[in-house]
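**Student:** Contents are mmCIF, C-alpha atoms and all ligand atoms; file name start_28.cif:
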data_final
#
loop_
_atom_site.label_atom_id
_atom_site.label_comp_id
_atom_site.auth_asym_id
_atom_site.auth_seq_id
_atom_site.Cartn_x
_atom_site.Cartn_y
_atom_site.Cartn_z
CA MET A 1 72.68 -72.27 16.87
CA ALA A 2 72.93 -68.60 15.98
CA LEU A 3 70.28 -66.44 17.60
CA ILE A 4 69.61 -64.57 14.33
CA ARG A 5 68.77 -67.09 11.61
CA ASP A 6 67.81 -64.58 8.93
CA PRO A 7 68.56 -60.87 9.43
CA ARG A 8 66.32 -59.63 6.60
CA PRO A 9 62.99 -59.52 8.46
CA LEU A 10 64.65 -57.24 11.03
CA SER A 11 65.45 -54.63 8.43
CA TYR A 12 63.29 -51.53 8.02
CA ASP A 13 62.47 -52.10 4.36
CA TYR A 14 61.52 -55.77 4.66
CA LEU A 15 57.90 -56.31 3.72
CA PRO A 16 56.28 -59.12 5.74
CA PRO A 17 53.78 -61.42 4.01
CA GLU A 18 51.01 -60.10 6.25
CA LEU A 19 50.42 -56.95 8.28
CA PRO A 20 48.75 -57.81 11.57
CA HIS A 21 46.17 -55.18 12.65
CA ARG A 22 45.99 -53.50 9.28
CA GLU A 23 43.33 -55.82 7.85
CA SER A 24 40.62 -53.18 7.93
CA GLN A 25 42.75 -50.52 6.21
CA LEU A 26 43.69 -52.99 3.46
CA LYS A 27 40.03 -53.90 3.04
CA GLU A 28 39.07 -50.23 2.75
CA MET A 29 41.72 -49.68 0.09
CA SER A 30 40.51 -52.67 -1.83
CA ALA A 31 36.87 -51.51 -1.65
CA LEU A 32 37.78 -48.03 -2.91
CA PHE A 33 39.63 -49.62 -5.81
CA ASP A 34 36.41 -51.26 -7.04
CA ARG A 35 36.29 -48.23 -9.27
CA VAL A 36 39.51 -49.37 -10.94
CA ARG A 37 38.17 -52.94 -11.21
CA ASP A 38 35.27 -51.39 -13.11
CA GLY A 39 37.60 -49.67 -15.55
CA GLY A 40 37.83 -46.25 -13.87
CA ALA A 41 40.47 -44.51 -11.78
CA GLN A 42 40.61 -43.76 -8.05
CA ASN A 43 42.50 -41.37 -5.81
CA ILE A 44 42.94 -42.23 -2.15
CA MET A 45 44.91 -40.81 0.74
CA LEU A 46 46.50 -42.73 3.64
CA LYS A 47 46.97 -40.70 6.79
CA GLY A 48 48.62 -41.53 10.10
CA ARG A 49 51.55 -40.80 12.39
CA VAL A 50 55.08 -42.17 12.12
CA GLY A 51 55.48 -45.94 11.84
CA THR A 52 51.78 -46.77 11.60
CA GLY A 53 52.17 -48.98 8.53
CA LYS A 54 51.10 -46.59 5.75
CA THR A 55 53.97 -47.27 3.35
CA ALA A 56 53.93 -51.01 4.05
CA SER A 57 50.15 -51.18 3.52
CA ALA A 58 50.35 -49.22 0.25
CA ARG A 59 53.06 -51.59 -1.03
CA ILE A 60 51.23 -54.75 0.04
CA PHE A 61 47.92 -53.54 -1.36
CA THR A 62 49.41 -52.51 -4.71
CA GLU A 63 51.22 -55.83 -5.12
CA SER A 64 48.12 -57.86 -4.40
CA PHE A 65 45.95 -55.65 -6.59
CA ILE A 66 48.38 -55.99 -9.49
CA SER A 67 48.35 -59.78 -9.27
CA GLU A 68 44.58 -59.93 -8.76
CA MET A 69 44.04 -57.87 -11.92
CA ALA A 70 46.68 -59.83 -13.84
CA GLY A 71 44.55 -62.89 -13.12
CA LYS A 72 41.70 -61.11 -14.92
CA GLY A 73 43.90 -60.21 -17.85
CA LYS A 74 44.22 -56.53 -16.89
CA ARG A 75 47.70 -55.02 -16.67
CA ILE A 76 48.47 -52.61 -13.85
CA VAL A 77 51.84 -50.98 -13.25
CA LYS A 78 52.93 -48.98 -10.26
CA ALA A 79 55.25 -46.05 -9.72
CA TYR A 80 56.46 -45.55 -6.16
CA ILE A 81 57.73 -42.03 -5.51
CA ASN A 82 59.08 -40.83 -2.20
CA CYS A 83 58.34 -37.11 -2.45
CA ARG A 84 60.77 -36.19 0.31
CA SER A 85 63.65 -36.78 -2.08
CA LYS A 86 62.04 -34.95 -5.01
CA THR A 87 62.59 -31.23 -5.15
CA SER A 88 60.62 -30.39 -8.29
CA SER A 89 57.49 -31.56 -10.06
CA HIS A 90 59.67 -32.24 -13.09
CA ALA A 91 61.64 -34.79 -11.05
CA VAL A 92 58.41 -36.48 -10.01
CA PHE A 93 57.20 -36.83 -13.59
CA VAL A 94 60.57 -38.19 -14.67
CA SER A 95 60.52 -40.92 -12.04
CA ILE A 96 56.94 -41.83 -12.88
CA ALA A 97 57.84 -42.20 -16.55
CA ARG A 98 61.04 -44.08 -15.76
CA SER A 99 59.16 -46.58 -13.62
CA PHE A 100 57.70 -48.20 -16.72
CA SER A 101 59.99 -46.95 -19.46
CA SER A 102 63.59 -46.75 -18.33
CA GLY A 103 64.78 -44.92 -21.44
CA PHE A 104 62.46 -41.99 -20.93
CA PRO A 105 64.22 -38.68 -21.73
CA SER A 106 64.51 -36.36 -18.75
CA ALA A 107 65.73 -33.17 -20.38
CA GLY A 108 64.33 -30.80 -22.97
CA ILE A 109 60.70 -31.76 -22.57
CA SER A 110 58.06 -29.88 -20.63
CA GLU A 111 55.90 -31.36 -17.90
CA ASP A 112 52.85 -31.25 -20.10
CA GLN A 113 54.68 -33.08 -22.87
CA MET A 114 55.89 -35.63 -20.37
CA MET A 115 52.38 -36.13 -19.03
CA ASP A 116 51.10 -36.62 -22.57
CA ALA A 117 53.84 -39.12 -23.31
CA ILE A 118 52.97 -41.07 -20.16
CA ALA A 119 49.28 -41.05 -21.06
CA THR A 120 49.90 -42.08 -24.63
CA HIS A 121 52.11 -44.93 -23.50
CA LEU A 122 49.48 -46.18 -21.04
CA GLU A 123 46.73 -45.93 -23.61
CA ARG A 124 48.72 -47.70 -26.30
CA GLU A 125 49.69 -50.53 -23.95
CA GLY A 126 46.26 -50.73 -22.35
CA VAL A 127 47.83 -50.37 -18.91
CA HIS A 128 46.54 -48.72 -15.76
CA LEU A 129 49.12 -46.88 -13.64
CA ILE A 130 49.02 -46.57 -9.85
CA VAL A 131 51.18 -43.71 -8.62
CA ILE A 132 52.12 -43.94 -4.96
CA LEU A 133 53.10 -40.49 -3.71
CA ASP A 134 54.68 -41.22 -0.34
CA GLU A 135 55.23 -38.30 2.08
CA VAL A 136 53.19 -36.22 -0.35
CA ASP A 137 52.98 -33.33 2.12
CA TYR A 138 56.64 -32.53 1.26
CA LEU A 139 55.73 -32.22 -2.39
CA LEU A 140 52.69 -30.08 -1.68
CA ARG A 141 54.65 -27.67 0.51
CA ARG A 142 57.58 -27.45 -1.86
CA VAL A 143 55.98 -27.25 -5.28
CA GLY A 144 52.23 -27.03 -4.70
CA SER A 145 49.44 -29.16 -6.13
CA ASP A 146 50.50 -29.12 -9.74
CA VAL A 147 51.65 -32.74 -9.97
CA ILE A 148 48.46 -34.01 -8.38
CA TYR A 149 46.34 -31.83 -10.57
CA LYS A 150 48.05 -32.98 -13.75
CA LEU A 151 47.92 -36.65 -12.78
CA SER A 152 44.27 -36.43 -11.84
CA ARG A 153 43.30 -34.99 -15.19
CA PHE A 154 43.11 -38.67 -16.03
CA SER A 155 40.49 -39.41 -13.44
CA GLU A 156 36.72 -39.28 -13.58
CA PHE A 157 36.73 -35.59 -14.53
CA SER A 158 38.36 -36.05 -17.87
CA GLU A 159 37.32 -37.21 -21.29
CA ARG A 160 40.47 -39.28 -21.57
CA PRO A 161 40.68 -42.91 -20.54
CA GLN A 162 40.83 -43.17 -16.76
CA ASN A 163 44.14 -44.93 -16.46
CA ILE A 164 46.00 -43.22 -13.62
CA SER A 165 45.17 -43.71 -9.93
CA ILE A 166 46.92 -42.02 -7.04
CA ILE A 167 47.67 -43.34 -3.57
CA GLY A 168 48.83 -40.36 -1.51
CA ILE A 169 50.52 -40.96 1.85
CA SER A 170 51.05 -38.40 4.56
CA GLN A 171 51.44 -37.99 8.30
CA GLN A 172 49.26 -34.92 8.16
CA ASP A 173 46.10 -33.84 6.46
CA ALA A 174 47.58 -33.48 2.98
CA ILE A 175 44.28 -32.63 1.31
CA SER A 176 44.14 -29.32 3.17
CA LEU A 177 47.53 -28.44 1.63
CA MET A 178 46.10 -28.73 -1.89
CA ASP A 179 44.56 -25.97 -3.90
CA GLU A 180 40.95 -26.09 -4.99
CA ALA A 181 41.54 -27.84 -8.32
CA ALA A 182 43.60 -30.70 -6.92
CA ARG A 183 41.42 -31.02 -3.83
CA SER A 184 38.33 -31.71 -5.89
CA THR A 185 39.89 -34.99 -7.05
CA PHE A 186 40.33 -36.38 -3.54
CA ARG A 187 37.09 -36.98 -1.74
CA ARG A 188 37.19 -36.64 2.02
CA SER A 189 35.74 -40.14 2.23
CA ASN A 190 38.76 -41.51 0.40
CA VAL A 191 41.03 -40.81 3.36
CA ILE A 192 42.03 -43.97 5.22
CA LEU A 193 43.21 -43.46 8.78
CA PHE A 194 46.12 -45.35 10.32
CA PRO A 195 45.84 -45.09 14.10
CA GLN A 196 48.87 -45.55 16.34
CA TYR A 197 49.45 -49.12 17.46
CA SER A 198 48.62 -50.23 21.00
CA ALA A 199 51.14 -52.21 23.06
CA GLY A 200 49.24 -55.43 22.35
CA GLU A 201 49.29 -54.79 18.60
CA LEU A 202 53.00 -53.97 18.67
CA ALA A 203 53.64 -57.21 20.54
CA ASP A 204 52.00 -59.12 17.66
CA ILE A 205 54.12 -57.24 15.13
CA ILE A 206 57.32 -57.96 17.08
CA ARG A 207 56.36 -61.62 17.48
CA GLN A 208 55.84 -61.95 13.73
CA ARG A 209 59.34 -60.55 13.02
CA ALA A 210 60.90 -62.67 15.75
CA GLU A 211 59.38 -65.82 14.26
CA LEU A 212 60.68 -64.90 10.81
CA ALA A 213 64.17 -63.86 11.87
CA LEU A 214 65.20 -65.64 15.06
CA ALA A 215 65.87 -69.15 16.22
CA PRO A 216 62.95 -70.76 18.10
CA ASP A 217 62.82 -69.66 21.76
CA ALA A 218 65.33 -66.88 21.08
CA ILE A 219 63.11 -64.35 22.79
CA THR A 220 61.02 -64.54 25.95
CA SER A 221 57.45 -63.28 25.95
CA ASP A 222 58.51 -60.88 28.73
CA SER A 223 61.06 -59.30 26.40
CA ILE A 224 58.47 -58.95 23.64
CA GLU A 225 56.09 -57.32 26.08
CA LEU A 226 58.75 -54.89 27.30
CA MET A 227 59.64 -53.88 23.72
CA ALA A 228 55.96 -53.39 22.95
CA ASP A 229 55.43 -51.27 26.07
CA ILE A 230 58.41 -49.06 25.25
CA SER A 231 57.42 -48.53 21.61
CA ALA A 232 53.73 -48.07 22.45
CA ARG A 233 54.51 -44.60 23.77
CA ASP A 234 54.65 -43.51 20.13
CA GLY A 235 52.65 -46.41 18.68
CA ASP A 236 55.48 -46.75 16.20
CA ALA A 237 56.09 -50.16 14.55
CA ARG A 238 59.36 -49.04 13.01
CA TYR A 239 60.79 -48.31 16.44
CA ALA A 240 59.49 -51.62 17.78
CA ILE A 241 61.25 -53.53 15.00
CA GLU A 242 64.41 -51.48 15.48
CA LEU A 243 64.41 -52.38 19.17
CA LEU A 244 64.06 -56.05 18.29
CA GLU A 245 66.94 -55.84 15.84
CA ARG A 246 69.25 -54.02 18.24
CA ALA A 247 68.40 -56.28 21.16
CA ALA A 248 68.97 -59.37 18.99
CA LEU A 249 72.35 -58.10 17.78
CA MET A 250 73.33 -57.24 21.33
CA ALA A 251 72.32 -60.63 22.69
CA GLN A 252 74.09 -62.41 19.85
CA ALA A 253 77.26 -60.33 20.18
CA THR A 254 77.53 -61.20 23.86
CA GLY A 255 77.11 -64.90 23.20
CA ASN A 256 73.56 -65.27 24.52
CA ASP A 257 71.09 -67.62 22.91
CA GLN A 258 68.13 -65.64 24.17
CA ILE A 259 67.10 -61.97 24.16
CA ARG A 260 66.55 -60.97 27.76
CA ALA A 261 64.97 -57.88 29.30
CA GLU A 262 68.38 -56.29 29.86
CA HIS A 263 69.17 -56.49 26.14
CA VAL A 264 65.90 -54.70 25.44
CA ARG A 265 66.66 -51.96 27.96
CA ARG A 266 70.13 -51.47 26.54
CA ALA A 267 68.78 -51.37 22.99
CA SER A 268 66.29 -48.73 24.05
CA ALA A 269 68.93 -46.75 25.95
CA GLU A 270 71.13 -46.64 22.85
CA SER A 271 68.60 -44.38 21.21
CA SER A 272 67.91 -42.15 24.21
CA VAL A 273 70.09 -40.27 26.63
CA MET A 274 72.49 -42.33 28.70
CA PHE A 275 71.65 -43.01 32.29
CA GLY A 276 74.00 -41.06 34.52
CA GLU A 277 74.36 -39.82 38.06
CA GLU A 278 72.36 -36.66 37.24
CA SER A 279 69.24 -38.82 36.77
CA LEU A 280 69.34 -39.47 40.53
CA GLU A 281 69.69 -35.83 41.57
CA ASN A 282 66.10 -35.41 42.72
CA LEU A 283 65.96 -38.60 44.78
CA ASN A 284 66.20 -38.71 48.58
CA MET A 285 67.81 -41.60 50.47
CA GLN A 286 64.62 -43.65 50.78
CA GLU A 287 63.74 -43.25 47.11
CA LEU A 288 67.23 -44.41 46.18
CA LEU A 289 66.79 -47.51 48.31
CA VAL A 290 63.40 -48.34 46.77
CA PHE A 291 64.86 -47.79 43.29
CA LEU A 292 67.80 -50.07 44.05
CA GLY A 293 65.39 -52.72 45.38
CA ALA A 294 63.35 -52.51 42.18
CA LEU A 295 66.43 -52.67 39.96
CA ARG A 296 67.87 -55.71 41.72
CA ARG A 297 64.56 -57.44 41.41
CA LEU A 298 64.45 -56.58 37.68
CA ARG A 299 67.85 -58.13 37.04
CA ALA A 300 66.30 -61.46 36.22
CA SER A 301 63.02 -60.44 34.61
CA ALA A 302 61.30 -57.67 32.68
CA TYR A 303 58.57 -57.13 35.28
CA ALA A 304 58.31 -57.37 39.06
CA THR A 305 55.32 -56.97 41.37
CA THR A 306 55.12 -54.32 44.09
CA GLY A 307 55.27 -57.09 46.70
CA GLU A 308 58.52 -58.44 45.30
CA VAL A 309 60.06 -55.00 45.09
CA GLU A 310 59.03 -54.13 48.65
CA GLU A 311 60.69 -57.31 49.91
CA GLU A 312 63.90 -56.46 48.04
CA TYR A 313 63.71 -52.90 49.37
CA ARG A 314 63.73 -54.23 52.96
CA ALA A 315 66.81 -56.31 52.19
CA VAL A 316 68.53 -53.27 50.69
CA CYS A 317 67.70 -51.17 53.79
CA GLU A 318 69.28 -53.78 56.00
CA GLU A 319 72.37 -53.90 53.83
CA TYR A 320 72.86 -50.13 54.10
CA GLY A 321 71.86 -49.88 57.79
CA GLN A 322 68.68 -47.89 57.10
CA GLU A 323 65.33 -48.28 58.83
CA PRO A 324 62.77 -49.45 56.22
CA ARG A 325 59.64 -47.29 56.03
CA GLY A 326 56.09 -48.63 56.17
CA HIS A 327 53.92 -49.84 53.35
CA THR A 328 52.23 -46.49 52.62
CA GLN A 329 55.53 -44.64 52.45
CA PHE A 330 56.96 -47.32 50.17
CA TRP A 331 54.11 -46.73 47.72
CA LYS A 332 54.70 -43.00 47.83
CA TYR A 333 58.41 -43.46 46.99
CA LEU A 334 57.49 -45.76 44.14
CA ASN A 335 55.12 -43.12 42.85
CA ASP A 336 57.91 -40.51 43.05
CA LEU A 337 60.19 -42.79 41.00
CA GLU A 338 57.51 -43.07 38.37
CA LEU A 339 57.07 -39.29 38.26
CA GLU A 340 60.82 -38.99 37.71
CA GLY A 341 60.44 -41.33 34.72
CA LEU A 342 62.69 -43.97 36.27
CA VAL A 343 60.15 -46.80 36.48
CA SER A 344 56.76 -47.54 34.94
CA THR A 345 53.94 -49.17 36.86
CA GLU A 346 50.60 -50.62 35.92
CA LEU A 347 47.84 -52.29 37.91
CA VAL A 348 47.67 -56.07 37.63
CA SER A 349 44.09 -56.97 36.82
CA GLY A 350 42.32 -59.10 39.41
CA LYS A 351 45.03 -58.59 42.02
CA GLY A 352 43.66 -55.65 44.03
CA ARG A 353 46.21 -52.88 44.44
CA THR A 354 49.14 -54.97 43.22
CA LYS A 355 51.11 -53.25 40.48
CA ARG A 356 53.64 -54.48 37.99
CA ILE A 357 56.86 -52.52 37.76
CA SER A 358 59.28 -52.25 34.88
CA THR A 359 62.00 -49.92 33.65
CA ASP A 360 63.65 -49.22 30.34
CA ILE A 361 66.88 -48.06 31.94
CA PRO A 362 69.66 -50.66 31.66
CA VAL A 363 69.50 -52.18 35.12
CA GLU A 364 73.16 -53.07 35.59
CA ASP A 365 74.29 -49.52 34.74
CA ALA A 366 71.81 -47.98 37.13
CA ILE A 367 72.67 -50.39 39.94
CA ALA A 368 76.36 -49.52 39.60
CA VAL A 369 75.62 -45.78 39.79
CA ILE A 370 73.36 -46.11 42.85
CA GLU A 371 75.65 -48.46 44.74
CA LYS A 372 78.51 -46.04 44.21
CA ARG A 373 76.37 -43.18 45.48
CA LEU A 374 75.12 -45.11 48.54
CA GLY A 375 78.63 -46.32 49.32
CA ALA A 376 80.00 -42.79 49.34
N1 LIG B 401 50.94 -54.08 11.00
C1 LIG B 401 52.22 -54.32 10.76
N2 LIG B 401 52.70 -55.58 10.75
C2 LIG B 401 54.01 -55.83 10.50
N3 LIG B 401 54.91 -54.89 10.25
C3 LIG B 401 54.50 -53.61 10.25
C4 LIG B 401 53.15 -53.26 10.50
N4 LIG B 401 53.01 -51.93 10.43
C5 LIG B 401 54.24 -51.45 10.16
N5 LIG B 401 55.13 -52.45 10.04
C6 LIG B 401 56.55 -52.32 9.78
O1 LIG B 401 57.01 -51.20 10.52
C7 LIG B 401 57.88 -50.38 9.76
C8 LIG B 401 57.28 -49.02 9.59
O2 LIG B 401 56.08 -49.10 8.83
P1 LIG B 401 55.81 -48.10 7.62
O3 LIG B 401 57.08 -47.79 6.93
O4 LIG B 401 54.71 -48.66 6.80
O5 LIG B 401 55.31 -46.83 8.45
P2 LIG B 401 54.74 -45.46 7.91
O6 LIG B 401 53.35 -45.32 8.45
O7 LIG B 401 54.93 -45.37 6.44
O8 LIG B 401 55.67 -44.43 8.70
P3 LIG B 401 56.28 -43.02 8.19
O9 LIG B 401 55.16 -42.03 8.26
O10 LIG B 401 57.34 -42.73 9.21
O11 LIG B 401 56.82 -43.23 6.82
C9 LIG B 401 58.07 -51.12 8.44
O12 LIG B 401 59.24 -51.91 8.53
C10 LIG B 401 56.84 -51.99 8.33
O13 LIG B 401 57.09 -53.15 7.57
MG MG B 402 56.23 -44.31 5.26
#
For this file, write the structure as structure tokens.
**Tutor:**
Amino acid sequence: MALIRDPRPLSYDYLPPELPHRESQLKEMSALFDRVRDGGAQNIMLKGRVGTGKTASARIFTESFISEMAGKGKRIVKAYINCRSKTSSHAVFVSIARSFSSGFPSAGISEDQMMDAIATHLEREGVHLIVILDEVDYLLRRVGSDVIYKLSRFSEFSERPQNISIIGISQQDAISLMDEAARSTFRRSNVILFPQYSAGELADIIRQRAELALAPDAITSDSIELMADISARDGDARYAIELLERAALMAQATGNDQIRAEHVRRASAESSVMFGEESLENLNMQELLVFLGALRRLRASAYATTGEVEEEYRAVCEEYGQEPRGHTQFWKYLNDLELEGLVSTELVSGKGRTKRISTDIPVEDAIAVIEKRLGA
């Protein structure tokens, strides 16, 4: 059976049915939209670093809100605008108008006229519009707050029907980029924070995608954990999913029916600098031997304990005719390797000083380089 059963859930724009660990943000959005349920409008802002689920949450929330309201006989439409690709406020208004009326003219009409046409259309149809302004900080830097100000004239401050709500999305504090008039329409309390994901949370996200995309048992829990650990440095779900996709493609291309730790390391190495001889420049003979011991031990698994690595280190010393150093020295060398960024270690809970060692360097490549160096 093919390792990848359905490639779609591995793609960056696939929207999963549920977003693990974003339940509270979705609840907050829903609570703030009570105002819209009551016939008003609402402006909210989603804020968080790269890959923290802002865009996905906005899309999932809007979809579910639209169908909830449809059930109550209230029509809601949405306009999703990625502001990074819009270089003028005119372009933003055009894509808003086009999102519900494809024949909307784009030339020869002013922004104010366009805004009026949008409002008239909404009023006539009895529709409420949710405008998602993704990466809104680009818009604010490039053209200022005008778009936001004009859209929010239809919020609680106006005499007109409140039929336009805004969901702004930004990695930074976008409200501080607005001028006074626009700022007054976004309350500070309407900012929903998207914290970076922990390794455990990323593991759940990866597991969800693996279940949707891969054959059963196509990935070991060790491999999931290693992917999660690597992507947890930035707390970035997009990178985690990318790693899963690349590792799956790599495993499949080489005829494996399971994604192993080495596929994960290679997938991660593809996006960073290649491992070469220069990475070993700062290591002395003993550190090289400890590193080789660790790498050999990590051939078959994603993680190894300090005890296992020390045992392998002794075998390596014998092989190369070197006197193995004592326990304390071994720990110091291991620490040096970690400082060089070659391995990661973490304490194993409940096991005293025992640590768990892993690496995101492709092990076979590194072994080849070290063996060559030691043989010379
Ligand atoms: N909690 C989650 N569960 C499942 N998938 C998630 C989760 N959070 C994010 N993702 C997925 O990770 C990828 C990145 O998420 P998203 O695009 O929402 O990030 P973002 O916060 O908008 O990042 P950016 O600021 O870079 O645009 C998407 O493919 C998304 O579906
Ligand atoms: Mg986004």
**Student:** List every residue of chain A that has an atom at most 12 Å from any atom of ligand MG 402 (chain B), and for each one report the closest atom pair and its distance in Å to one decimal, counting all atoms listed in the file, with rows sorted by chain and then by increasing residue number, as a Markdown table.
**Tutor:**
| residue | atom | partner | partner_atom | distance |
| --- | --- | --- | --- | --- |
| A:Tyr12 | CA | B:MG402 | MG | 10.5 |
| A:Asp13 | CA | B:MG402 | MG | 10.0 |
| A:Leu46 | CA | B:MG402 | MG | 10.0 |
| A:Lys47 | CA | B:MG402 | MG | 10.1 |
| A:Gly48 | CA | B:MG402 | MG | 9.4 |
| A:Arg49 | CA | B:MG402 | MG | 9.2 |
| A:Val50 | CA | B:MG402 | MG | 7.3 |
| A:Gly51 | CA | B:MG402 | MG | 6.8 |
| A:Thr52 | CA | B:MG402 | MG | 8.1 |
| A:Gly53 | CA | B:MG402 | MG | 7.0 |
| A:Lys54 | CA | B:MG402 | MG | 5.6 |
| A:Thr55 | CA | B:MG402 | MG | 4.2 |
| A:Ala56 | CA | B:MG402 | MG | 7.2 |
| A:Ser57 | CA | B:MG402 | MG | 9.3 |
| A:Ala58 | CA | B:MG402 | MG | 9.2 |
| A:Arg59 | CA | B:MG402 | MG | 10.1 |
| A:Tyr80 | CA | B:MG402 | MG | 11.5 |
| A:Ile81 | CA | B:MG402 | MG | 11.1 |
| A:Asn82 | CA | B:MG402 | MG | 8.7 |
| A:Cys83 | CA | B:MG402 | MG | 10.8 |
| A:Arg84 | CA | B:MG402 | MG | 10.5 |
| A:Ile132 | CA | B:MG402 | MG | 11.0 |
| A:Leu133 | CA | B:MG402 | MG | 10.2 |
| A:Asp134 | CA | B:MG402 | MG | 6.6 |
| A:Glu135 | CA | B:MG402 | MG | 6.9 |
| A:Val136 | CA | B:MG402 | MG | 10.3 |
| A:Asp137 | CA | B:MG402 | MG | 11.9 |
| A:Gly168 | CA | B:MG402 | MG | 10.8 |
| A:Ile169 | CA | B:MG402 | MG | 7.4 |
| A:Ser170 | CA | B:MG402 | MG | 7.9 |
| A:Gln171 | CA | B:MG402 | MG | 8.5 |
| A:Phe194 | CA | B:MG402 | MG | 11.4 |
| A:Asp236 | CA | B:MG402 | MG | 11.2 |
| A:Ala237 | CA | B:MG402 | MG | 11.0 |
| A:Arg238 | CA | B:MG402 | MG | 9.6 |
**Student:** Identify which of the residues A:Ser223, A:Gln286, A:Ser11, A:Thr120 lies closest to ligand LIG 401 (chain B), counting only C-alpha atoms and all ligand atoms when measuring atom-to-atom distances.
**Tutor:**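 Of all the options, A:Ser11 lies closest to ligand LIG 401 (chain B).
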**Student:** Identify, on the basis of only C-alpha atoms, every residue whose closest approach to Ala294 in chain A does not exceed 7 Å; exclude the query and any residue fewer than 4 positions from it along the same chain; express the result as a PyMOL selection string.
**Tutor:** chain A and resi 290+298+309
**Student:** So which one's closest to Gly200 in chain A, A:Pro9, A:Gly326, A:Pro16, A:Gly235? Using only C-alpha atoms, please.
**Tutor:**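 Among the listed residues, A:Gly235 lies closest to Gly200 in chain A.
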**Student:** Measuring between all atoms listed in the file, which one of A:His121, A:Arg233, A:Lys86, A:Arg265 shows the shortest distance to Arg141 in chain A?
**Tutor:**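 Smallest separation from Arg141 in chain A among the options: A:Lys86.
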**Student:** Using only C-alpha atoms, what residues lie at most 12 Å away from (69.2, -37.7, 40.9) (file coordinates), given as a PyMOL selection string?
**Tutor:** chain A and resi 275-285+287-288+291+336-337+340-342+366+369-370+373
**Student:** Which residue is closest to ligand LIG 401 (chain B)? Choose from A:Ile118, A:Leu289, A:Val77, A:Leu202 and count only C-alpha atoms and all ligand atoms.
**Tutor:** A:Leu202
**Student:** Given all atoms listed in the file as the basis, pick out the residue of A:Arg5, A:Tyr197, A:Met178, A:Leu374 nearest to Leu214 in chain A.
**Tutor:**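 Using all atoms listed in the file, Leu214 in chain A sits closest to A:Arg5.
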**Student:** Restricting the calculation to only C-alpha atoms and all ligand atoms, which member of A:Ile44, A:Leu140, A:Ala107, A:Ala240 is positioned closest to ligand LIG 401 (chain B)?
**Tutor:**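 Answer, going by the shortest atom-to-atom distance: A:Ala240.
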**Student:** Draw an axis-aligned box over all listed atoms of ligand LIG 401 (chain B), pad each side with 3 Å, and write its centre and edge lengths in Å, one decimal, as JSON.
**Tutor:**
{"center_x": 55.1, "center_y": -48.9, "center_z": 8.7, "size_x": 14.3, "size_y": 19.8, "size_z": 10.6}
**Student:** Leaving out Thr359 in chain A and any residue of its chain fewer than 3 positions from it, which residues lie within 8 Å of it when counting only C-alpha atoms, given as a PyMOL selection string?
**Tutor:** chain A and resi 265+302+342-344+362-363
**Student:** Can you pull out every residue within 12 Å of Gly255 in chain A, counting all atoms listed in the file, but drop anything in the same chain fewer than 3 positions away, and send it as a list in words?
**Tutor:**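 The filter keeps Met1, Ala2, Leu3, Ile4, Ala248, Leu249, Met250, Ala251, Gln252, Gln258, Ile259 and His263 of chain A.
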**Student:** Kindly save the residues from that selection, with C-alpha atoms included, as a tab-separated table (two decimals), in the coordinates of the input.
**Tutor:**
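Result file again-v8.tsv:
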chain	number	residue	atom	x	y	z
A	1	MET	CA	72.68	-72.27	16.87
A	2	ALA	CA	72.93	-68.60	15.98
A	3	LEU	CA	70.28	-66.44	17.60
A	4	ILE	CA	69.61	-64.57	14.33
A	248	ALA	CA	68.97	-59.37	18.99
A	249	LEU	CA	72.35	-58.10	17.78
A	250	MET	CA	73.33	-57.24	21.33
A	251	ALA	CA	72.32	-60.63	22.69
A	252	GLN	CA	74.09	-62.41	19.85
A	258	GLN	CA	68.13	-65.64	24.17
A	259	ILE	CA	67.10	-61.97	24.16
A	263	HIS	CA	69.17	-56.49	26.14
**Student:** So which residues touch Ser221 in chain A within 10 Å, counting only C-alpha atoms, skipping near sequence neighbours fewer than 3 positions away, as a PyMOL selection string?
**Tutor:** chain A and resi 203+207+217-218+224-227+259-261+302
**Student:** Could you save those same residues with C-alpha atoms as an mmCIF file, in the coordinates of the input?
**Tutor:**
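Here's the written file selection-v6.cif:
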data_model
loop_
_atom_site.group_PDB
_atom_site.id
_atom_site.type_symbol
_atom_site.label_atom_id
_atom_site.label_comp_id
_atom_site.auth_asym_id
_atom_site.auth_seq_id
_atom_site.Cartn_x
_atom_site.Cartn_y
_atom_site.Cartn_z
ATOM 1 C CA ALA A 203 53.640 -57.210 20.540
ATOM 2 C CA ARG A 207 56.360 -61.620 17.480
ATOM 3 C CA ASP A 217 62.820 -69.660 21.760
ATOM 4 C CA ALA A 218 65.330 -66.880 21.080
ATOM 5 C CA ILE A 224 58.470 -58.950 23.640
ATOM 6 C CA GLU A 225 56.090 -57.320 26.080
ATOM 7 C CA LEU A 226 58.750 -54.890 27.300
ATOM 8 C CA MET A 227 59.640 -53.880 23.720
ATOM 9 C CA ILE A 259 67.100 -61.970 24.160
ATOM 10 C CA ARG A 260 66.550 -60.970 27.760
ATOM 11 C CA ALA A 261 64.970 -57.880 29.300
ATOM 12 C CA ALA A 302 61.300 -57.670 32.680
#
**Student:** Report the distance between CA of Val264 in chain A and CA of Ile357 in chain A in Å, rounded to one decimal place.
**Tutor:**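 Going from CA of Val264 in chain A over to CA of Ile357 in chain A covers 15.4 Å.
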**Student:** Grab the CA of Leu26 in chain A to CA of Pro7 in chain A distance for me, in Å with one decimal place.
**Tutor:**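 Spanning CA of Leu26 in chain A to CA of Pro7 in chain A is a straight-line distance of 26.8 Å.
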**Student:** Could you tell me how far CA of Arg209 in chain A lies from atom O3 of ligand LIG 401 (chain B), in Å and to one decimal?
**Tutor:**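 For CA of Arg209 in chain A relative to atom O3 of ligand LIG 401 (chain B), the distance reads 14.3 Å.
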